[in-house]
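J.: For reference, this is query26.tsv, and it has TSV, C-alpha atoms and all ligand atoms.
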```
chain	number	residue	atom	x	y	z
A	1	MET	CA	246.09	-114.20	163.47
A	2	THR	CA	247.81	-110.87	162.92
A	3	LYS	CA	245.76	-107.76	163.51
A	4	GLU	CA	245.04	-105.62	160.49
A	5	ALA	CA	247.03	-102.39	160.53
A	6	VAL	CA	244.86	-99.36	161.32
A	7	ASN	CA	244.59	-96.92	158.44
A	8	THR	CA	245.47	-93.54	159.94
A	9	HIS	CA	245.04	-91.72	156.61
A	10	GLY	CA	248.42	-90.06	156.95
A	11	LEU	CA	247.69	-88.47	160.32
A	12	ALA	CA	250.73	-87.87	162.52
A	13	LYS	CA	250.88	-89.03	166.13
A	14	GLU	CA	250.25	-85.48	167.38
A	15	GLN	CA	247.13	-85.20	165.22
A	16	LEU	CA	245.78	-88.52	166.50
A	17	LEU	CA	246.26	-87.32	170.06
A	18	GLN	CA	244.62	-84.01	169.20
A	19	MET	CA	241.59	-85.90	167.88
A	20	LEU	CA	241.39	-87.84	171.12
A	21	GLU	CA	241.63	-84.67	173.18
A	22	LYS	CA	238.80	-83.02	171.22
A	23	MET	CA	236.63	-86.11	171.73
A	24	LEU	CA	237.29	-86.11	175.46
A	25	LEU	CA	236.74	-82.37	175.74
A	26	ALA	CA	233.39	-82.63	173.97
A	27	ARG	CA	232.39	-85.54	176.22
A	28	ALA	CA	233.35	-83.60	179.35
A	29	LEU	CA	231.33	-80.59	178.16
A	30	SER	CA	228.24	-82.69	177.47
A	31	VAL	CA	228.48	-84.35	180.88
A	32	ARG	CA	229.06	-81.02	182.62
A	33	GLN	CA	226.06	-79.37	180.98
A	34	ARG	CA	223.83	-82.33	181.89
A	35	MET	CA	224.94	-82.06	185.52
A	36	LEU	CA	224.46	-78.29	185.65
A	37	GLN	CA	220.99	-78.66	184.14
A	38	ARG	CA	220.04	-81.15	186.86
A	39	MET	CA	221.28	-78.62	189.44
A	40	GLY	CA	218.92	-76.04	187.97
A	41	LYS	CA	221.80	-73.88	186.77
A	42	GLY	CA	221.07	-74.06	183.07
A	43	PRO	CA	218.11	-74.54	180.79
A	44	MET	CA	217.91	-77.46	178.38
A	45	THR	CA	220.72	-79.73	177.18
A	46	PHE	CA	221.26	-81.79	174.05
A	47	SER	CA	223.97	-84.31	174.76
A	48	GLY	CA	226.54	-85.20	172.11
A	49	GLU	CA	227.61	-88.31	174.05
A	50	GLY	CA	228.18	-91.17	171.62
A	51	HIS	CA	228.53	-88.93	168.56
A	52	GLU	CA	232.10	-87.76	169.25
A	53	ALA	CA	233.82	-89.95	166.63
A	54	ALA	CA	231.44	-88.88	163.87
A	55	GLN	CA	231.85	-85.22	164.80
A	56	VAL	CA	235.60	-85.03	165.41
A	57	GLY	CA	236.43	-87.33	162.47
A	58	SER	CA	234.49	-85.10	160.07
A	59	ALA	CA	235.45	-81.68	161.45
A	60	PHE	CA	239.13	-82.62	161.61
A	61	ALA	CA	239.26	-82.74	157.79
A	62	LEU	CA	238.24	-79.06	157.49
A	63	LYS	CA	240.23	-75.82	157.44
A	64	PRO	CA	239.07	-73.85	160.53
A	65	GLY	CA	238.24	-70.23	159.75
A	66	VAL	CA	238.27	-70.93	156.01
A	67	ASP	CA	235.56	-73.52	155.45
A	68	TRP	CA	231.96	-72.75	156.45
A	69	VAL	CA	230.47	-74.99	159.13
A	70	PHE	CA	226.73	-75.36	159.72
A	71	PRO	CA	226.36	-77.64	162.75
A	72	TYR	CA	223.20	-78.88	164.46
A	73	TYR	CA	222.44	-78.92	168.17
A	74	ARG	CA	224.26	-82.19	168.96
A	75	ASP	CA	227.56	-81.03	167.44
A	76	VAL	CA	229.56	-79.87	170.46
A	77	ALA	CA	232.54	-81.92	169.25
A	78	VAL	CA	232.36	-80.24	165.84
A	79	ALA	CA	232.38	-76.85	167.58
A	80	VAL	CA	235.43	-77.62	169.74
A	81	THR	CA	237.31	-79.30	166.89
A	82	ILE	CA	236.94	-76.17	164.76
A	83	GLY	CA	238.18	-74.10	167.70
A	84	MET	CA	235.40	-73.06	170.09
A	85	THR	CA	236.57	-73.16	173.69
A	86	PRO	CA	234.84	-74.51	176.80
A	87	VAL	CA	234.30	-70.86	177.82
A	88	ASP	CA	232.51	-70.19	174.49
A	89	ILE	CA	230.29	-73.25	174.96
A	90	LEU	CA	229.45	-72.58	178.61
A	91	ARG	CA	228.72	-68.88	178.10
A	92	ALA	CA	225.94	-69.90	175.73
A	93	PHE	CA	224.73	-72.53	178.19
A	94	PHE	CA	224.59	-70.07	181.10
A	95	ALA	CA	223.21	-67.34	178.75
A	96	ARG	CA	225.93	-64.87	179.73
A	97	ARG	CA	226.36	-61.37	178.32
A	98	ASP	CA	229.60	-62.18	176.53
A	99	ASP	CA	228.28	-65.33	174.85
A	100	ILE	CA	229.68	-65.27	171.31
A	101	ASN	CA	226.77	-67.30	169.92
A	102	SER	CA	224.07	-64.73	170.59
A	103	GLY	CA	224.86	-62.61	173.65
A	104	GLY	CA	222.88	-65.02	175.80
A	105	ARG	CA	219.76	-64.88	173.63
A	106	ASN	CA	219.64	-68.12	171.66
A	107	MET	CA	219.00	-71.62	172.98
A	108	PRO	CA	222.12	-73.47	174.10
A	109	SER	CA	223.73	-75.75	171.50
A	110	HIS	CA	223.02	-73.31	168.68
A	111	PHE	CA	226.73	-73.02	168.08
A	112	SER	CA	228.20	-70.09	166.22
A	113	HIS	CA	231.47	-68.22	166.00
A	114	PRO	CA	231.95	-65.55	163.31
A	115	SER	CA	235.73	-65.71	162.92
A	116	LEU	CA	235.72	-69.51	162.92
A	117	ARG	CA	232.94	-69.44	160.30
A	118	ILE	CA	230.63	-71.54	162.42
A	119	VAL	CA	227.15	-70.35	161.49
A	120	SER	CA	224.24	-70.48	163.93
A	121	GLY	CA	221.29	-72.67	163.03
A	122	SER	CA	217.65	-72.12	163.89
A	123	ALA	CA	215.49	-74.46	165.95
A	124	PRO	CA	213.60	-76.03	162.98
A	125	ILE	CA	215.70	-79.02	162.01
A	126	ALA	CA	217.58	-79.06	158.66
A	127	THR	CA	217.12	-75.33	158.08
A	128	GLN	CA	220.91	-75.02	158.37
A	129	LEU	CA	221.33	-77.02	155.15
A	130	PRO	CA	219.95	-74.47	152.65
A	131	HIS	CA	222.29	-71.99	154.38
A	132	ALA	CA	225.25	-74.34	153.86
A	133	VAL	CA	224.30	-74.70	150.20
A	134	GLY	CA	224.08	-70.91	149.89
A	135	ALA	CA	227.57	-70.50	151.34
A	136	ALA	CA	228.86	-73.12	148.90
A	137	LEU	CA	227.20	-71.32	145.99
A	138	ALA	CA	228.82	-68.04	147.08
A	139	ALA	CA	232.24	-69.71	147.27
A	140	LYS	CA	231.78	-71.18	143.80
A	141	LEU	CA	230.61	-67.91	142.23
A	142	ARG	CA	233.49	-66.03	143.83
A	143	LYS	CA	235.96	-68.77	142.88
A	144	LEU	CA	237.14	-69.06	146.49
A	145	ASP	CA	238.98	-72.06	147.87
A	146	GLU	CA	236.33	-72.58	150.56
A	147	ILE	CA	233.83	-75.35	151.08
A	148	ALA	CA	230.72	-75.66	153.25
A	149	VAL	CA	229.63	-78.51	155.49
A	150	GLY	CA	226.07	-79.04	156.65
A	151	TYR	CA	225.41	-81.38	159.57
A	152	SER	CA	222.14	-83.01	160.53
A	153	GLY	CA	220.62	-86.12	162.08
A	154	ASP	CA	218.70	-88.92	160.36
A	155	GLY	CA	215.34	-87.45	161.39
A	156	SER	CA	216.23	-84.29	159.50
A	157	THR	CA	216.38	-86.25	156.24
A	158	SER	CA	212.57	-86.38	156.27
A	159	THR	CA	212.27	-82.62	155.81
A	160	GLY	CA	211.85	-80.66	152.61
A	161	ASP	CA	214.86	-78.50	153.48
A	162	TRP	CA	217.11	-81.58	153.44
A	163	HIS	CA	215.93	-82.76	150.00
A	164	GLU	CA	215.88	-79.30	148.46
A	165	SER	CA	219.43	-78.69	149.67
A	166	MET	CA	220.66	-81.97	148.25
A	167	ASN	CA	218.95	-81.34	144.92
A	168	PHE	CA	220.17	-77.77	144.46
A	169	ALA	CA	223.72	-78.74	145.48
A	170	GLY	CA	223.67	-81.62	142.98
A	171	VAL	CA	222.33	-79.51	140.11
A	172	GLN	CA	224.89	-76.75	140.76
A	173	ARG	CA	227.76	-79.14	141.62
A	174	LEU	CA	228.51	-77.13	144.73
A	175	PRO	CA	231.50	-77.50	147.07
A	176	VAL	CA	229.46	-78.81	149.98
A	177	VAL	CA	229.54	-81.93	152.16
A	178	PHE	CA	226.42	-83.15	153.93
A	179	VAL	CA	227.16	-85.11	157.10
A	180	CYS	CA	224.26	-87.14	158.45
A	181	GLU	CA	224.80	-88.43	161.99
A	182	HIS	CA	222.52	-91.43	161.80
A	183	ASN	CA	221.68	-92.46	165.37
A	184	ASN	CA	218.50	-94.34	164.45
A	185	TYR	CA	216.07	-92.03	166.26
A	186	ALA	CA	214.32	-88.71	165.73
A	187	ILE	CA	213.48	-88.21	169.38
A	188	SER	CA	211.22	-91.28	169.90
A	189	VAL	CA	210.69	-92.19	166.23
A	190	PRO	CA	212.96	-95.02	165.08
A	191	TRP	CA	214.43	-94.95	161.59
A	192	ARG	CA	212.31	-97.88	160.39
A	193	LYS	CA	209.20	-95.73	160.87
A	194	GLN	CA	210.73	-92.88	158.91
A	195	ALA	CA	212.08	-94.55	155.83
A	196	ALA	CA	211.82	-97.85	154.00
A	197	ILE	CA	215.57	-97.92	153.29
A	198	GLU	CA	218.41	-98.97	155.54
A	199	ASN	CA	220.95	-96.35	154.54
A	200	VAL	CA	220.37	-92.66	153.95
A	201	SER	CA	223.45	-92.56	151.73
A	202	ILE	CA	221.69	-94.13	148.72
A	203	ARG	CA	219.50	-91.05	148.46
A	204	ALA	CA	222.51	-89.12	147.12
A	205	GLN	CA	222.22	-91.13	143.88
A	206	GLY	CA	218.85	-89.52	143.24
A	207	TYR	CA	220.51	-86.13	143.38
A	208	GLY	CA	223.45	-87.03	141.17
A	209	PHE	CA	226.38	-87.29	143.57
A	210	PRO	CA	228.08	-89.92	145.75
A	211	GLY	CA	226.80	-91.03	149.12
A	212	VAL	CA	228.80	-93.18	151.52
A	213	THR	CA	227.91	-94.97	154.73
A	214	VAL	CA	230.63	-95.20	157.33
A	215	ASP	CA	230.97	-96.55	160.87
A	216	GLY	CA	230.28	-93.33	162.78
A	217	ASN	CA	231.90	-94.71	165.94
A	218	ASP	CA	235.23	-95.11	164.14
A	219	VAL	CA	236.83	-91.68	164.16
A	220	LEU	CA	239.51	-92.63	161.63
A	221	ALA	CA	237.02	-94.18	159.20
A	222	VAL	CA	234.92	-91.00	159.36
A	223	TYR	CA	238.03	-88.88	158.84
A	224	GLY	CA	238.97	-90.96	155.78
A	225	ALA	CA	235.51	-90.62	154.20
A	226	MET	CA	235.37	-86.91	154.99
A	227	SER	CA	238.84	-86.26	153.58
A	228	GLU	CA	237.75	-87.80	150.26
A	229	ALA	CA	234.57	-85.71	150.23
A	230	VAL	CA	236.48	-82.52	151.05
A	231	LYS	CA	238.99	-83.27	148.29
A	232	ARG	CA	236.15	-83.72	145.79
A	233	ALA	CA	234.51	-80.47	146.89
A	234	ARG	CA	237.77	-78.49	146.63
A	235	ALA	CA	238.49	-79.96	143.20
A	236	GLY	CA	235.14	-78.69	141.86
A	237	GLU	CA	233.67	-82.20	141.64
A	238	GLY	CA	230.58	-81.33	143.66
A	239	PRO	CA	228.84	-82.52	146.81
A	240	THR	CA	229.07	-85.74	148.82
A	241	LEU	CA	226.69	-87.16	151.40
A	242	ILE	CA	228.35	-88.92	154.32
A	243	GLU	CA	226.20	-91.04	156.56
A	244	ALA	CA	227.95	-91.79	159.85
A	245	LYS	CA	226.12	-94.57	161.69
A	246	THR	CA	226.24	-93.94	165.41
A	247	TYR	CA	224.10	-93.79	168.56
A	248	ARG	CA	223.23	-91.16	171.12
A	249	LEU	CA	223.96	-92.65	174.51
A	250	MET	CA	221.72	-90.22	176.39
A	251	PRO	CA	218.07	-89.28	175.93
A	252	HIS	CA	217.27	-86.84	173.11
A	253	SER	CA	217.40	-83.88	175.49
A	254	SER	CA	217.21	-83.19	179.21
A	255	ASP	CA	213.40	-83.13	178.77
A	256	ASP	CA	213.15	-86.61	177.25
A	257	ASP	CA	212.60	-90.02	178.88
A	258	ASP	CA	214.10	-92.53	176.44
A	259	ARG	CA	212.95	-95.52	178.53
A	260	ARG	CA	209.60	-95.10	176.81
A	261	TYR	CA	210.99	-96.02	173.39
A	262	ARG	CA	214.43	-97.73	173.75
A	263	THR	CA	215.26	-100.92	175.61
A	264	ARG	CA	218.06	-100.77	178.18
A	265	GLU	CA	219.68	-103.72	176.39
A	266	GLU	CA	219.95	-101.66	173.21
A	267	VAL	CA	221.51	-98.72	175.05
A	268	GLU	CA	223.95	-101.04	176.85
A	269	ALA	CA	224.98	-102.75	173.62
A	270	TRP	CA	225.89	-99.38	172.09
A	271	SER	CA	227.55	-98.18	175.31
A	272	ALA	CA	229.96	-101.08	174.89
A	273	LYS	CA	231.02	-99.45	171.60
A	274	ASP	CA	231.43	-95.97	173.09
A	275	PRO	CA	233.94	-94.15	170.83
A	276	VAL	CA	235.44	-92.27	173.76
A	277	ALA	CA	236.46	-95.61	175.29
A	278	GLU	CA	237.34	-97.35	172.01
A	279	PHE	CA	239.65	-94.75	170.47
A	280	PRO	CA	242.10	-94.61	173.41
A	281	GLN	CA	242.25	-98.40	173.28
A	282	GLN	CA	243.03	-98.29	169.57
A	283	LEU	CA	245.73	-95.66	170.13
A	284	LYS	CA	247.31	-97.80	172.85
A	285	GLU	CA	247.42	-100.80	170.53
A	286	MET	CA	249.11	-98.58	167.94
A	287	GLY	CA	251.67	-97.45	170.52
A	288	VAL	CA	250.56	-93.82	170.26
A	289	LEU	CA	249.11	-93.59	173.79
A	290	ASN	CA	249.91	-95.11	177.18
A	291	ASP	CA	248.24	-94.95	180.59
A	292	ASN	CA	250.33	-91.93	181.62
A	293	SER	CA	249.68	-89.84	178.55
A	294	GLU	CA	245.99	-90.79	178.67
A	295	LYS	CA	245.78	-89.55	182.27
A	296	GLU	CA	247.58	-86.35	181.31
A	297	ILE	CA	245.04	-85.61	178.57
A	298	ASN	CA	242.10	-86.46	180.81
A	299	ASP	CA	243.44	-84.26	183.61
A	300	ARG	CA	243.99	-81.35	181.22
A	301	VAL	CA	240.49	-81.63	179.78
A	302	ASN	CA	238.82	-81.88	183.18
A	303	HIS	CA	240.80	-78.94	184.50
A	304	GLU	CA	239.84	-76.86	181.46
A	305	VAL	CA	236.13	-77.62	181.87
A	306	ASP	CA	236.24	-76.99	185.66
A	307	ALA	CA	238.04	-73.66	185.18
A	308	ALA	CA	235.63	-72.59	182.43
A	309	THR	CA	232.61	-73.48	184.60
A	310	ASP	CA	233.96	-71.50	187.58
A	311	GLN	CA	234.79	-68.51	185.39
A	312	VAL	CA	231.56	-68.36	183.40
A	313	GLU	CA	229.29	-68.87	186.41
A	314	GLN	CA	230.69	-65.60	187.83
A	315	GLU	CA	230.24	-63.64	184.62
A	316	PRO	CA	227.44	-61.07	184.18
A	317	GLN	CA	224.13	-61.78	182.50
A	318	PRO	CA	222.97	-59.55	179.63
A	319	GLU	CA	221.76	-56.15	180.88
A	320	ALA	CA	217.96	-55.99	181.10
A	321	PRO	CA	217.57	-52.88	178.88
A	322	THR	CA	219.20	-54.80	176.02
A	323	ALA	CA	216.60	-57.60	176.12
A	324	LEU	CA	215.05	-56.59	172.81
A	325	ARG	CA	218.34	-56.04	170.97
A	326	HIS	CA	218.28	-57.74	167.56
A	327	VAL	CA	214.51	-58.19	167.93
A	328	LEU	CA	213.13	-54.65	167.55
A	329	VAL	CA	214.71	-51.42	166.27
A	330	GLU	CA	216.43	-49.61	169.15
A	331	GLY	CA	216.45	-45.87	169.78
A	332	GLU	CA	214.10	-43.02	168.82
A	333	ARG	CA	211.94	-43.35	165.73
A	334	SER	CA	212.14	-40.34	163.45
A	401	LIG	C1	210.99	-78.83	161.30
A	401	LIG	C2	211.01	-79.40	162.70
A	401	LIG	N1	210.24	-80.45	163.01
A	401	LIG	C3	210.29	-80.98	164.24
A	401	LIG	C4	211.14	-80.46	165.20
A	401	LIG	C5	211.19	-81.07	166.59
A	401	LIG	N2	212.45	-81.80	166.71
A	401	LIG	C6	213.52	-81.27	167.34
A	401	LIG	S1	214.81	-82.27	167.33
A	401	LIG	C7	213.99	-83.47	166.50
A	401	LIG	C8	214.63	-84.79	166.19
A	401	LIG	C9	215.56	-84.72	165.05
A	401	LIG	O1	216.19	-85.95	164.94
A	401	LIG	P1	217.52	-86.15	164.14
A	401	LIG	O2	217.56	-85.21	162.99
A	401	LIG	O3	217.64	-87.60	163.85
A	401	LIG	O4	218.66	-85.69	165.14
A	401	LIG	P2	219.06	-86.31	166.56
A	401	LIG	O5	218.33	-85.48	167.58
A	401	LIG	O6	218.62	-87.74	166.57
A	401	LIG	O7	220.52	-86.16	166.67
A	401	LIG	C10	212.69	-83.07	166.23
A	401	LIG	C11	211.69	-83.90	165.53
A	401	LIG	C12	211.93	-79.35	164.83
A	401	LIG	N3	212.79	-78.80	165.68
A	401	LIG	N4	211.85	-78.86	163.58
```
How does this structure look as structure tokens?
T.:
Amino acid sequence: MTKEAVNTHGLAKEQLLQMLEKMLLARALSVRQRMLQRMGKGPMTFSGEGHEAAQVGSAFALKPGVDWVFPYYRDVAVAVTIGMTPVDILRAFFARRDDINSGGRNMPSHFSHPSLRIVSGSAPIATQLPHAVGAALAAKLRKLDEIAVGYSGDGSTSTGDWHESMNFAGVQRLPVVFVCEHNNYAISVPWRKQAAIENVSIRAQGYGFPGVTVDGNDVLAVYGAMSEAVKRARAGEGPTLIEAKTYRLMPHSSDDDDRRYRTREEVEAWSAKDPVAEFPQQLKEMGVLNDNSEKEINDRVNHEVDAATDQVEQEPQPEAPTALRHVLVEGERS
């Protein structure tokens, strides 16, 4: 039987390799932060391991620095695909003075970067989505060729913010894409205890726009679905909901023990579909990658993360007298 040709959605070889490199970089950063947390060098971690295809596939369809990106805490691969560097990510993790996210004040994984138009979220889940909708409304009112993307998990779809964002975006036909990374759990709560439907995507119908479910471990399938959604948004045709079905391979956070609610068999079954192992295989079958070029990419990524760790560990912490900056008014009161 002949193998079906892979649909690369018009991506050139260099772009496919770039996607792979972003996935590997995000993986290396998640692993590094987990290790540093266990060494007591950083606070809490939220691993993106397992979500890399959903994140890179979607973010790759955007225009960095033009489109507005509202990620959630698991989206390290979104952040690096748009252009954040390992130094940017690790400065936030180590809470260093020069952290671009918040000057070392916010929790790690609250990604933001003003010139890349990555907007920081707050800790309450889904609160980034009304912000994404607001940015999309501004772009529409100003007739700008910019769209907004709001990311969240499946658990976030149970919040009022999620539904209100979908409804307002549908009514106003806003240039926004909602990406739901459906990993079947909201911490310990499985999807079947949250909703009586299998797919989140059908909820888009209730708000008057298309919803699609896609294999979130297939980076090219996610890219294809996202490209369509982005095209619709830019053409003034309104929002799209993309549901990328995936799995987080690690516990919810470094403070979670997932053995209490997931079987090891389930985790192993999904580990066998790890996108960071599958995509290189696919690229090799397509003749885009070989063992040598794979090693080269891996070496480059590991070197980059090692160098960033060494550099950022030596950097200064925020100065104590600035602790209340952005919290209370500074200086003399008149
Ligand atoms: C409004 C609100 N409720 C509860 C929490 C606690 N909380 C933090 S993360 C999380 C799970 C969210 O799950 P999901 O959206 O599926 O994302 P995932 O972590 O699975 O990627 C919860 C319940 C919160 N931060 N905000």
J.: If you count only C-alpha atoms and all ligand atoms, which residues end up within 7 Å of ligand LIG 401 (chain A), as JSON, numbers by chain?
T.: {"A": [74, 123, 124, 125, 152, 153, 154, 155, 156, 157, 159, 181, 182, 183, 184, 185, 186, 187, 252]}
J.: Let's have the selection written as a PDB file, in the coordinates of the input, with C-alpha atoms.
T.:
```pdb
ATOM      1  CA  ARG A  74     224.260 -82.190 168.960  1.00  0.00           C
ATOM      2  CA  ALA A 123     215.490 -74.460 165.950  1.00  0.00           C
ATOM      3  CA  PRO A 124     213.600 -76.030 162.980  1.00  0.00           C
ATOM      4  CA  ILE A 125     215.700 -79.020 162.010  1.00  0.00           C
ATOM      5  CA  SER A 152     222.140 -83.010 160.530  1.00  0.00           C
ATOM      6  CA  GLY A 153     220.620 -86.120 162.080  1.00  0.00           C
ATOM      7  CA  ASP A 154     218.700 -88.920 160.360  1.00  0.00           C
ATOM      8  CA  GLY A 155     215.340 -87.450 161.390  1.00  0.00           C
ATOM      9  CA  SER A 156     216.230 -84.290 159.500  1.00  0.00           C
ATOM     10  CA  THR A 157     216.380 -86.250 156.240  1.00  0.00           C
ATOM     11  CA  THR A 159     212.270 -82.620 155.810  1.00  0.00           C
ATOM     12  CA  GLU A 181     224.800 -88.430 161.990  1.00  0.00           C
ATOM     13  CA  HIS A 182     222.520 -91.430 161.800  1.00  0.00           C
ATOM     14  CA  ASN A 183     221.680 -92.460 165.370  1.00  0.00           C
ATOM     15  CA  ASN A 184     218.500 -94.340 164.450  1.00  0.00           C
ATOM     16  CA  TYR A 185     216.070 -92.030 166.260  1.00  0.00           C
ATOM     17  CA  ALA A 186     214.320 -88.710 165.730  1.00  0.00           C
ATOM     18  CA  ILE A 187     213.480 -88.210 169.380  1.00  0.00           C
ATOM     19  CA  HIS A 252     217.270 -86.840 173.110  1.00  0.00           C
TER      20      HIS A 252
END
```
J.: How would you write as an mmCIF file with C-alpha atoms, in the coordinates of the input the residues that get within 9 Å of (224.5, -62.0, 167.0) in the file's frame, counting only C-alpha atoms?
T.:
```cif
data_model
loop_
_atom_site.group_PDB
_atom_site.id
_atom_site.type_symbol
_atom_site.label_atom_id
_atom_site.label_comp_id
_atom_site.auth_asym_id
_atom_site.auth_seq_id
_atom_site.Cartn_x
_atom_site.Cartn_y
_atom_site.Cartn_z
ATOM 1 C CA ILE A 100 229.680 -65.270 171.310
ATOM 2 C CA ASN A 101 226.770 -67.300 169.920
ATOM 3 C CA SER A 102 224.070 -64.730 170.590
ATOM 4 C CA GLY A 103 224.860 -62.610 173.650
ATOM 5 C CA ARG A 105 219.760 -64.880 173.630
ATOM 6 C CA SER A 112 228.200 -70.090 166.220
ATOM 7 C CA HIS A 326 218.280 -57.740 167.560
#
```
J.: Ranking A:Ala26, A:Ser109, A:Ala92, A:Arg248 by minimum distance to Ala77 of chain A and counting only C-alpha atoms, which one comes first?
T.: A:Ala26
J.: If you measure from atom CA of Glu243 of chain A to atom CA of Val179 of chain A, what distance in Å do you get, rounded to one decimal?
T.: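 One can read the atom CA of Glu243 of chain A to atom CA of Val179 of chain A distance as 6.0 Å.
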J.: Have a look at A:Val69, A:Ala79, A:Val230, A:Ala221 and name the one nearest to Met23 of chain A; count all atoms listed in the file.
T.: A:Ala79
J.: Considering all atoms listed in the file, state which residue in the set A:Val87, A:Ala28, A:Leu11, A:Val189 is at the smallest distance from Asp299 of chain A.
T.: A:Ala28
J.: Taking into account all atoms listed in the file, which residue in the set A:Phe60, A:Tyr223, A:Tyr73, A:Tyr261 is nearest to Ser47 of chain A?
T.: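 Nearest candidate to Ser47 of chain A out of A:Phe60, A:Tyr223, A:Tyr73, A:Tyr261: A:Tyr73.
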J.: Please determine, counting all atoms listed in the file, which residue among A:Met39, A:Leu283, A:Val219, A:Leu25 has the shortest atom-to-atom distance to Ala59 of chain A.
T.: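 Of A:Met39, A:Leu283, A:Val219, A:Leu25, the one nearest Ala59 of chain A is A:Val219, counting all atoms listed in the file.
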J.: Excluding Val80 of chain A and its own-chain neighbours fewer than 4 positions away, which residues fall within 8 Å of it when counting only C-alpha atoms? Please give them as a list in words.
T.: Lys22, Leu25, Ala26, Val76, Met84, Thr85 and Pro86 of chain A
J.: Choose the residue, out of A:Leu241, A:Ala12, A:Leu249, A:Leu116, that has the smallest atom-to-atom separation from Phe46 of chain A; count all atoms listed in the file.
T.: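 Comparing A:Leu241, A:Ala12, A:Leu249, A:Leu116 against Phe46 of chain A, the winner is A:Leu249.
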J.: Can you tell me, as a count of residues only, what residues are no more than 12 Å from Ala323 of chain A when counting all atoms listed in the file, ignoring any on the same chain fewer than 3 positions away?
T.: 15
J.: List as CSV every residue of segment 13-87 of chain A that is in contact with segment 129-133 of chain A, defined as an atom at most 10 Å from one of its atoms (using only C-alpha atoms), together with the nearest atom pair and the distance in Å rounded to one decimal, sorted by chain and then rising number.
T.:
```
residue,atom,partner,partner_atom,distance
A:Trp68,CA,A:Ala132,CA,7.4
A:Val69,CA,A:Ala132,CA,7.4
A:Phe70,CA,A:Ala132,CA,6.1
A:Pro71,CA,A:Leu129,CA,9.1
A:Tyr72,CA,A:Leu129,CA,9.7
```
J.: Can you measure atom CA of His9 of chain A to atom CA of Gly57 of chain A for me? One decimal in Å is fine.
T.: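 Spanning atom CA of His9 of chain A to atom CA of Gly57 of chain A is a straight-line distance of 11.3 Å.
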J.: Calculate how many Å separate atom CA of Glu313 of chain A from atom CA of Phe93 of chain A, rounding to one decimal.
T.: 10.1 Å
